[in-house]
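Student: Dumping the structure here so I can ask a few things about it.
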Amino acid sequence: LAGLWALASPTFSGPDEPAQVLRSVSLVEGTLLGRASGGPASPTTEVRVPGWLARANAAPACFRGRPDTSARCEPALSMTAGTVLEATYTGRYPPLYYAVVGWPSLITSGKLALYLMRLASAAVSAVFLAGALACARRSRHARGLALGIAVVATPQVFFLAGVINPSGLEICAALCVWTAAVVATEGPTAEAGSVPTSVLVWLALSGAVMANVRALSPLWVLIIGLSVSLYAGRRRVRALLSDRRFRIALAMIVVFGVLAVIWVFAAGALRVKPTKNASRHVGQLLGLGLTLENIGSETVQMVGVFGWLDTYLPTLCYVVWLGFAAALVAMGAALASRRHRLVLIGLSVACLVVPTALALSQRGALGIFGQARDWMPMWVGLPILAGHSLGWRGRPALRAGLLVCL
């Protein structure tokens with residue numbers, strides 16, 4: 001599915017795709033950060049790339065924000081020989097994703113290189129989505145977990161996985177971390193040795209990779225860890241820590257998470273590109289109201305808004321998908337145990353409060369702005385935990401939940 005999106009979407013039609021391409025190609029060409037540009041607080045760097053990318057930043061200008069304009073208006077790629085300096089505002093982002101998807105540009109060029117890079121992104125994202133499903137199969141509540149994964153594996157996830165943008169990998173890796181962590185804590189006391197080794201391998205791999213995909217990724221890994229620990233309970237977590245295999249997996253996540261945090265602060269990966277959005281200058285209270293209002297549009301994006309946030313699905317798609325997700329979470333909370341219900345309620349509140357706080361912290365530079373892909377690594381946990389909670393009540397409750405959702 002992600003590969004189909006990769007081939008069907010016009011080149012440079014993914015969000016921020018020109019900047020992401022420049023970061024990917026320059027990294028595999030040997031440029032780790034590039035030369036700082038635009039002042040000490042600017043995220044922009046100048047990187048050296050092959051000449052065929054000389055017009056990358058301007059390529060989508062004719063159709064960006066114009067869903068009724070055909071992408072045929074996009075100018076041809078440059079035929080410039082040698083290398084050129086180009087500016088990118090993603091040059092400080094963690095390098096892992098860009099190294100994984102940038103390598104096709106070393107063996108070919110032009111549109112073929114772009115499509116191969118997209119397919120590389122789709123492939124690595126699919127690995128972690130498959131990992132989530134593999135872990136769910138090992139669960140005692142496989143049907144509920146599978147239902148949760150199906151709800152959060154929206155068209156937006158496959159679209160992002162199929163363009164050159166690290167959000168697709170981050171969300172798919174988050175799905176794997178959530179699922180593997182929940183399955184690892186199952187059992188009466190999660191006795192040492194009772195957790196399948198494959199689940200712990202997926203947990204370690206997805207957690208270590210996810211922490212190094214985007215600047216906020218270490219924060220999402222921490223939130224997942226805290227949420228699942230509360231969901232499992234003290235006895236299960238304590239018993240799980242007695243398992244040497246789990247301690248190794250946890251140590252791997254912590255080590256790579258620390259390395260990710262070091263990169264984020266040393267490279268300045270949290271710097272954002274300023275905008276001319278008028279909401280940069282509104283007061284704190286009005287800014288809070290506008291931020292909360294923006295959550296509505298971000299919820300729609302979670303299902304699917306394509307291109308440069310300018311191409312929508314039919315309204316019925318959003319009504320059905322979001323209604324199904326809301327019914328699943330509500331049913332899971334209603335039938336869950338007291339602790340699980342409290343965790344679901346707490347995570348629901350966090351899914352509103354954390355993005356709002358982070359968006360407000362950048363209001364002076366960005367104005368009131370946010371995208372669902374920024375918060376989805378946390379948001380996807382709600383349906384997964386809800387589906388698992390339904391599974392605790394057995395097949396009759398799961399069938400009832402499905403009926404309510406439908």
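For the structure tokens, the naming scheme is as follows: chains receive sequential letters (A, B, ...) according to their order of presentation, residues are indexed from 1 within each chain, and ligands are indexed from 1 in presentation order.
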Give the alpha helix (DSSP H) residues of stretch 182-371 of chain A, as DSSP finds them on the backbone, and put them as a PyMOL selection string.
Tutor: chain A and resi 182-184+197-210+217-232+234-241+244-267+284-304+315-335+338-361+363-366
Student: So which residues touch A:Ser139 within 10 Å, counting only C-alpha atoms, skipping near sequence neighbours fewer than 6 positions away, as a PDB file with all heavy atoms, in the first residue's frame?
Tutor:
```pdb
ATOM      1  N   LEU A 133       2.085  -6.135  13.776  1.00  0.00           N
ATOM      2  CA  LEU A 133       1.142  -7.231  13.562  1.00  0.00           C
ATOM      3  C   LEU A 133       1.714  -8.559  14.063  1.00  0.00           C
ATOM      4  O   LEU A 133       0.985  -9.395  14.617  1.00  0.00           O
ATOM      5  CB  LEU A 133       0.805  -7.330  12.073  1.00  0.00           C
ATOM      6  CG  LEU A 133      -0.021  -6.153  11.522  1.00  0.00           C
ATOM      7  CD1 LEU A 133      -0.063  -6.200  10.004  1.00  0.00           C
ATOM      8  CD2 LEU A 133      -1.428  -6.176  12.100  1.00  0.00           C
ATOM      9  N   LEU A 145      -6.052  -6.310  19.678  1.00  0.00           N
ATOM     10  CA  LEU A 145      -4.893  -5.539  19.233  1.00  0.00           C
ATOM     11  C   LEU A 145      -4.921  -5.334  17.724  1.00  0.00           C
ATOM     12  O   LEU A 145      -4.597  -4.247  17.227  1.00  0.00           O
ATOM     13  CB  LEU A 145      -3.594  -6.245  19.631  1.00  0.00           C
ATOM     14  CG  LEU A 145      -3.067  -5.946  21.034  1.00  0.00           C
ATOM     15  CD1 LEU A 145      -1.813  -6.766  21.313  1.00  0.00           C
ATOM     16  CD2 LEU A 145      -2.761  -4.461  21.195  1.00  0.00           C
ATOM     17  N   ALA A 146      -5.277  -6.364  16.977  1.00  0.00           N
ATOM     18  CA  ALA A 146      -5.359  -6.244  15.517  1.00  0.00           C
ATOM     19  C   ALA A 146      -6.387  -5.192  15.120  1.00  0.00           C
ATOM     20  O   ALA A 146      -6.179  -4.421  14.174  1.00  0.00           O
ATOM     21  CB  ALA A 146      -5.696  -7.587  14.896  1.00  0.00           C
ATOM     22  N   THR A 179       2.604  -1.761  20.490  1.00  0.00           N
ATOM     23  CA  THR A 179       2.096  -3.134  20.477  1.00  0.00           C
ATOM     24  C   THR A 179       3.038  -4.081  21.201  1.00  0.00           C
ATOM     25  O   THR A 179       2.605  -4.899  22.031  1.00  0.00           O
ATOM     26  CB  THR A 179       1.893  -3.608  19.026  1.00  0.00           C
ATOM     27  OG1 THR A 179       1.081  -2.653  18.327  1.00  0.00           O
ATOM     28  CG2 THR A 179       1.212  -4.960  18.989  1.00  0.00           C
ATOM     29  N   ALA A 180       4.339  -3.997  20.898  1.00  0.00           N
ATOM     30  CA  ALA A 180       5.308  -4.897  21.535  1.00  0.00           C
ATOM     31  C   ALA A 180       5.343  -4.675  23.039  1.00  0.00           C
ATOM     32  O   ALA A 180       5.427  -5.635  23.817  1.00  0.00           O
ATOM     33  CB  ALA A 180       6.692  -4.686  20.924  1.00  0.00           C
ATOM     34  N   VAL A 182       2.921  -3.536  25.028  1.00  0.00           N
ATOM     35  CA  VAL A 182       1.707  -4.059  25.656  1.00  0.00           C
ATOM     36  C   VAL A 182       1.750  -5.583  25.748  1.00  0.00           C
ATOM     37  O   VAL A 182       1.424  -6.180  26.790  1.00  0.00           O
ATOM     38  CB  VAL A 182       0.457  -3.591  24.878  1.00  0.00           C
ATOM     39  CG1 VAL A 182      -0.778  -4.343  25.351  1.00  0.00           C
ATOM     40  CG2 VAL A 182       0.252  -2.099  25.057  1.00  0.00           C
ATOM     41  N   VAL A 183       2.171  -6.231  24.660  1.00  0.00           N
ATOM     42  CA  VAL A 183       2.238  -7.701  24.662  1.00  0.00           C
ATOM     43  C   VAL A 183       3.273  -8.185  25.675  1.00  0.00           C
ATOM     44  O   VAL A 183       3.069  -9.207  26.352  1.00  0.00           O
ATOM     45  CB  VAL A 183       2.569  -8.218  23.249  1.00  0.00           C
ATOM     46  CG1 VAL A 183       2.765  -9.733  23.256  1.00  0.00           C
ATOM     47  CG2 VAL A 183       1.454  -7.845  22.271  1.00  0.00           C
ATOM     48  N   ALA A 184       4.378  -7.459  25.823  1.00  0.00           N
ATOM     49  CA  ALA A 184       5.432  -7.863  26.757  1.00  0.00           C
ATOM     50  C   ALA A 184       4.955  -7.855  28.203  1.00  0.00           C
ATOM     51  O   ALA A 184       5.492  -8.603  29.042  1.00  0.00           O
ATOM     52  CB  ALA A 184       6.654  -6.958  26.607  1.00  0.00           C
ATOM     53  N   THR A 185       3.962  -7.040  28.517  1.00  0.00           N
ATOM     54  CA  THR A 185       3.501  -6.933  29.905  1.00  0.00           C
ATOM     55  C   THR A 185       2.298  -7.819  30.204  1.00  0.00           C
ATOM     56  O   THR A 185       1.707  -7.715  31.278  1.00  0.00           O
ATOM     57  CB  THR A 185       3.139  -5.475  30.236  1.00  0.00           C
ATOM     58  OG1 THR A 185       2.125  -5.018  29.324  1.00  0.00           O
ATOM     59  CG2 THR A 185       4.347  -4.571  30.117  1.00  0.00           C
ATOM     60  N   GLU A 186       1.917  -8.685  29.264  1.00  0.00           N
ATOM     61  CA  GLU A 186       0.767  -9.554  29.498  1.00  0.00           C
ATOM     62  C   GLU A 186       1.105 -10.673  30.482  1.00  0.00           C
ATOM     63  O   GLU A 186       2.264 -10.963  30.746  1.00  0.00           O
ATOM     64  CB  GLU A 186       0.300 -10.187  28.186  1.00  0.00           C
ATOM     65  CG  GLU A 186      -0.473  -9.227  27.301  1.00  0.00           C
ATOM     66  CD  GLU A 186      -0.963  -9.927  26.044  1.00  0.00           C
ATOM     67  OE1 GLU A 186      -0.657 -11.113  25.859  1.00  0.00           O
ATOM     68  OE2 GLU A 186      -1.659  -9.270  25.253  1.00  0.00           O
ATOM     69  N   GLY A 187       0.080 -11.320  30.982  1.00  0.00           N
ATOM     70  CA  GLY A 187       0.256 -12.452  31.888  1.00  0.00           C
ATOM     71  C   GLY A 187      -0.108 -12.065  33.303  1.00  0.00           C
ATOM     72  O   GLY A 187      -0.177 -10.884  33.649  1.00  0.00           O
ATOM     73  N   VAL A 195       7.763 -13.963  28.329  1.00  0.00           N
ATOM     74  CA  VAL A 195       7.548 -13.104  27.165  1.00  0.00           C
ATOM     75  C   VAL A 195       8.283 -13.692  25.965  1.00  0.00           C
ATOM     76  O   VAL A 195       9.465 -14.012  26.063  1.00  0.00           O
ATOM     77  CB  VAL A 195       8.054 -11.671  27.439  1.00  0.00           C
ATOM     78  CG1 VAL A 195       7.767 -10.778  26.238  1.00  0.00           C
ATOM     79  CG2 VAL A 195       7.402 -11.110  28.696  1.00  0.00           C
ATOM     80  N   PRO A 196       7.617 -13.845  24.815  1.00  0.00           N
ATOM     81  CA  PRO A 196       8.306 -14.371  23.634  1.00  0.00           C
ATOM     82  C   PRO A 196       9.513 -13.507  23.265  1.00  0.00           C
ATOM     83  O   PRO A 196       9.430 -12.271  23.284  1.00  0.00           O
ATOM     84  CB  PRO A 196       7.231 -14.317  22.549  1.00  0.00           C
ATOM     85  CG  PRO A 196       5.937 -14.340  23.281  1.00  0.00           C
ATOM     86  CD  PRO A 196       6.181 -13.606  24.563  1.00  0.00           C
ATOM     87  N   VAL A 199       9.035 -10.824  20.582  1.00  0.00           N
ATOM     88  CA  VAL A 199       8.384  -9.573  20.995  1.00  0.00           C
ATOM     89  C   VAL A 199       9.411  -8.610  21.572  1.00  0.00           C
ATOM     90  O   VAL A 199       9.389  -7.399  21.281  1.00  0.00           O
ATOM     91  CB  VAL A 199       7.270  -9.863  22.010  1.00  0.00           C
ATOM     92  CG1 VAL A 199       6.722  -8.558  22.606  1.00  0.00           C
ATOM     93  CG2 VAL A 199       6.150 -10.656  21.366  1.00  0.00           C
ATOM     94  N   HIS A 388      -6.815  -3.651  23.156  1.00  0.00           N
ATOM     95  CA  HIS A 388      -6.280  -4.636  24.091  1.00  0.00           C
ATOM     96  C   HIS A 388      -7.199  -4.783  25.297  1.00  0.00           C
ATOM     97  O   HIS A 388      -7.414  -5.896  25.798  1.00  0.00           O
ATOM     98  CB  HIS A 388      -4.876  -4.218  24.530  1.00  0.00           C
ATOM     99  CG  HIS A 388      -4.145  -5.263  25.296  1.00  0.00           C
ATOM    100  ND1 HIS A 388      -4.124  -5.292  26.669  1.00  0.00           N
ATOM    101  CD2 HIS A 388      -3.408  -6.330  24.885  1.00  0.00           C
ATOM    102  CE1 HIS A 388      -3.398  -6.324  27.075  1.00  0.00           C
ATOM    103  NE2 HIS A 388      -2.956  -6.969  26.015  1.00  0.00           N
ATOM    104  N   GLY A 391      -9.989  -6.964  24.526  1.00  0.00           N
ATOM    105  CA  GLY A 391      -9.551  -8.348  24.508  1.00  0.00           C
ATOM    106  C   GLY A 391      -9.523  -8.975  25.879  1.00  0.00           C
ATOM    107  O   GLY A 391      -9.750 -10.185  26.028  1.00  0.00           O
TER     108      GLY A 391
END
```
Student: Would you kindly return, as a PyMOL selection string, each protein, DNA or RNA residue with an atom no farther than 10 Å from any atom of stretch 238-251 of chain A, considering only C-alpha atoms and excluding same-chain residues fewer than 4 positions away?
Tutor: chain A and resi 184-186+189-197+199-205+207-208+225+229+233-234+255-257
Student: Record the distance separating atom CA of A:Asp310 and atom CA of A:Leu129, expressed in Å with one decimal.
Tutor: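 Separating atom CA of A:Asp310 from atom CA of A:Leu129 is a distance of 26.3 Å.
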Student: Identify which of the residues A:Met252, A:Ile149, A:Leu230, A:Met210 lies closest to A:Ala386, counting only C-alpha atoms when measuring atom-to-atom distances.
Tutor: A:Ile149
Student: Tell me which protein, DNA and RNA residues are within 12 Å of A:Val209, counting only C-alpha atoms, leaving out same-chain ones fewer than 3 positions away, and put them as an MDAnalysis selection string.
Tutor: chainID A and resid 94:97 100 124:125 127:128 166 169:174 176:177 202:206 212:214 217:218 221 252:257 259:260
Student: Hey, what's within 10 Å of A:Met79 if we count only C-alpha atoms and toss same-chain stuff fewer than 3 positions away? As a ChimeraX atom specification, please?
Tutor: /A:50-55,76,82,110
Student: I need the chosen residues saved as a PDB file, in the first residue's frame, with N, CA, C and O atoms.
Tutor:
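The result, stored in out-v3.pdb:
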```
ATOM      1  N   PRO A  50      23.854  16.899  -5.894  1.00  0.00           N
ATOM      2  CA  PRO A  50      24.056  16.815  -7.348  1.00  0.00           C
ATOM      3  C   PRO A  50      23.237  17.862  -8.094  1.00  0.00           C
ATOM      4  O   PRO A  50      22.164  18.285  -7.638  1.00  0.00           O
ATOM      5  N   GLY A  51      23.717  18.270  -9.257  1.00  0.00           N
ATOM      6  CA  GLY A  51      23.097  19.357 -10.008  1.00  0.00           C
ATOM      7  C   GLY A  51      21.658  19.114 -10.402  1.00  0.00           C
ATOM      8  O   GLY A  51      20.891  20.071 -10.582  1.00  0.00           O
ATOM      9  N   TRP A  52      21.226  17.842 -10.516  1.00  0.00           N
ATOM     10  CA  TRP A  52      19.842  17.590 -10.935  1.00  0.00           C
ATOM     11  C   TRP A  52      18.804  18.018  -9.887  1.00  0.00           C
ATOM     12  O   TRP A  52      17.607  18.083 -10.181  1.00  0.00           O
ATOM     13  N   LEU A  53      19.282  18.377  -8.685  1.00  0.00           N
ATOM     14  CA  LEU A  53      18.381  18.853  -7.638  1.00  0.00           C
ATOM     15  C   LEU A  53      18.405  20.376  -7.488  1.00  0.00           C
ATOM     16  O   LEU A  53      17.883  20.915  -6.515  1.00  0.00           O
ATOM     17  N   ALA A  54      18.949  21.061  -8.479  1.00  0.00           N
ATOM     18  CA  ALA A  54      19.099  22.513  -8.377  1.00  0.00           C
ATOM     19  C   ALA A  54      17.754  23.234  -8.258  1.00  0.00           C
ATOM     20  O   ALA A  54      17.673  24.299  -7.668  1.00  0.00           O
ATOM     21  N   ARG A  55      16.678  22.681  -8.801  1.00  0.00           N
ATOM     22  CA  ARG A  55      15.371  23.344  -8.750  1.00  0.00           C
ATOM     23  C   ARG A  55      14.404  22.650  -7.793  1.00  0.00           C
ATOM     24  O   ARG A  55      13.190  22.866  -7.850  1.00  0.00           O
ATOM     25  N   ALA A  76      10.623  20.531 -15.221  1.00  0.00           N
ATOM     26  CA  ALA A  76      11.529  19.393 -15.305  1.00  0.00           C
ATOM     27  C   ALA A  76      12.710  19.594 -14.365  1.00  0.00           C
ATOM     28  O   ALA A  76      13.096  20.728 -14.039  1.00  0.00           O
ATOM     29  N   GLY A  82      27.632  18.477 -12.316  1.00  0.00           N
ATOM     30  CA  GLY A  82      28.379  18.741 -11.088  1.00  0.00           C
ATOM     31  C   GLY A  82      27.481  18.836  -9.878  1.00  0.00           C
ATOM     32  O   GLY A  82      26.458  18.157  -9.791  1.00  0.00           O
ATOM     33  N   GLY A 110      17.684  11.827 -10.991  1.00  0.00           N
ATOM     34  CA  GLY A 110      16.403  12.232 -11.542  1.00  0.00           C
ATOM     35  C   GLY A 110      15.216  11.571 -10.867  1.00  0.00           C
ATOM     36  O   GLY A 110      15.276  11.150  -9.704  1.00  0.00           O
TER      37      GLY A 110
END
```
Student: Can you list, as a list in words, every protein, DNA or RNA residue that comes within 7 Å of A:Ala122 when you count only C-alpha atoms, leaving out same-chain residues fewer than 5 positions away?
Tutor: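 The contact residues come out as Ala2, Gly3, Ala161 and Gly162 of chain A.
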Student: For each of A:Leu216, A:Leu309, A:Val151, A:Leu316, take the minimum atom-to-atom distance to A:Leu382, counting only C-alpha atoms, then give the residue where this is smallest.
Tutor: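 For A:Leu382, the nearest of the given residues is A:Val151.
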Student: Of the candidates A:Val28, A:Ile384, A:Ala134, A:Ala59, which shows the shortest atom-to-atom distance to A:Phe12, using only C-alpha atoms?
Tutor: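 Answer, going by the shortest atom-to-atom distance: A:Ala59.
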Student: Of the candidates A:Val49, A:Val84, A:Leu160, A:Ala372, which one gets nearest to A:Ser109 if we count only C-alpha atoms?
Tutor: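 For A:Ser109, the nearest of the given residues is A:Val49.
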Student: Point out the residue among A:Thr80, A:Ser337, A:Thr88, A:Asn165 with the least atom-to-atom distance to A:Met117, counting only C-alpha atoms.
Tutor: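 Smallest separation from A:Met117 among the options: A:Asn165.
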Student: Per DSSP on the backbone, filter stretch 132-356 of chain A down to the residues in strand (DSSP E) and report them as a list of chain:residue names.
Tutor: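 Matching residues, listed in order: A:Val305, A:Phe306, A:Thr311, A:Tyr312.
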Student: Now that the selection is made, can you save its residues with C-alpha atoms as a short mmCIF file (atom, residue, chain, number, x, y, z; two decimals), in the first residue's frame?
Tutor:
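Final file, part.cif:
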```cif
data_model
loop_
_atom_site.label_atom_id
_atom_site.label_comp_id
_atom_site.auth_asym_id
_atom_site.auth_seq_id
_atom_site.Cartn_x
_atom_site.Cartn_y
_atom_site.Cartn_z
CA VAL A 305 -5.10 14.88 4.10
CA PHE A 306 -2.67 14.47 1.25
CA THR A 311 -6.14 17.30 -0.86
CA TYR A 312 -9.02 15.83 1.15
#
```
Student: Using only C-alpha atoms, which residues sit within 9 Å of A:Thr154 once same-chain residues fewer than 5 positions away are excluded, as a PyMOL selection string?
Tutor: chain A and resi 159+302-304+321
Student: Can you work out which one of A:Gly332, A:Gly148, A:Gly131, A:Gly381 has the shortest atom-to-atom distance to A:Ala350, counting only C-alpha atoms?
Tutor: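 Distance minimum relative to A:Ala350 lands on A:Gly381.
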Student: May I ask for the distance between atom CA of A:Arg137 and atom CA of A:Ser389, given in Å to one decimal place?
Tutor: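 Separation of atom CA of A:Arg137 and atom CA of A:Ser389: 15.6 Å.
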Student: For the atom pair atom CA of A:Phe63 and atom CA of A:Asp16, what is the interatomic distance in Å to one decimal place?
Tutor: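 Calculated distance between atom CA of A:Phe63 and atom CA of A:Asp16 is 13.5 Å.
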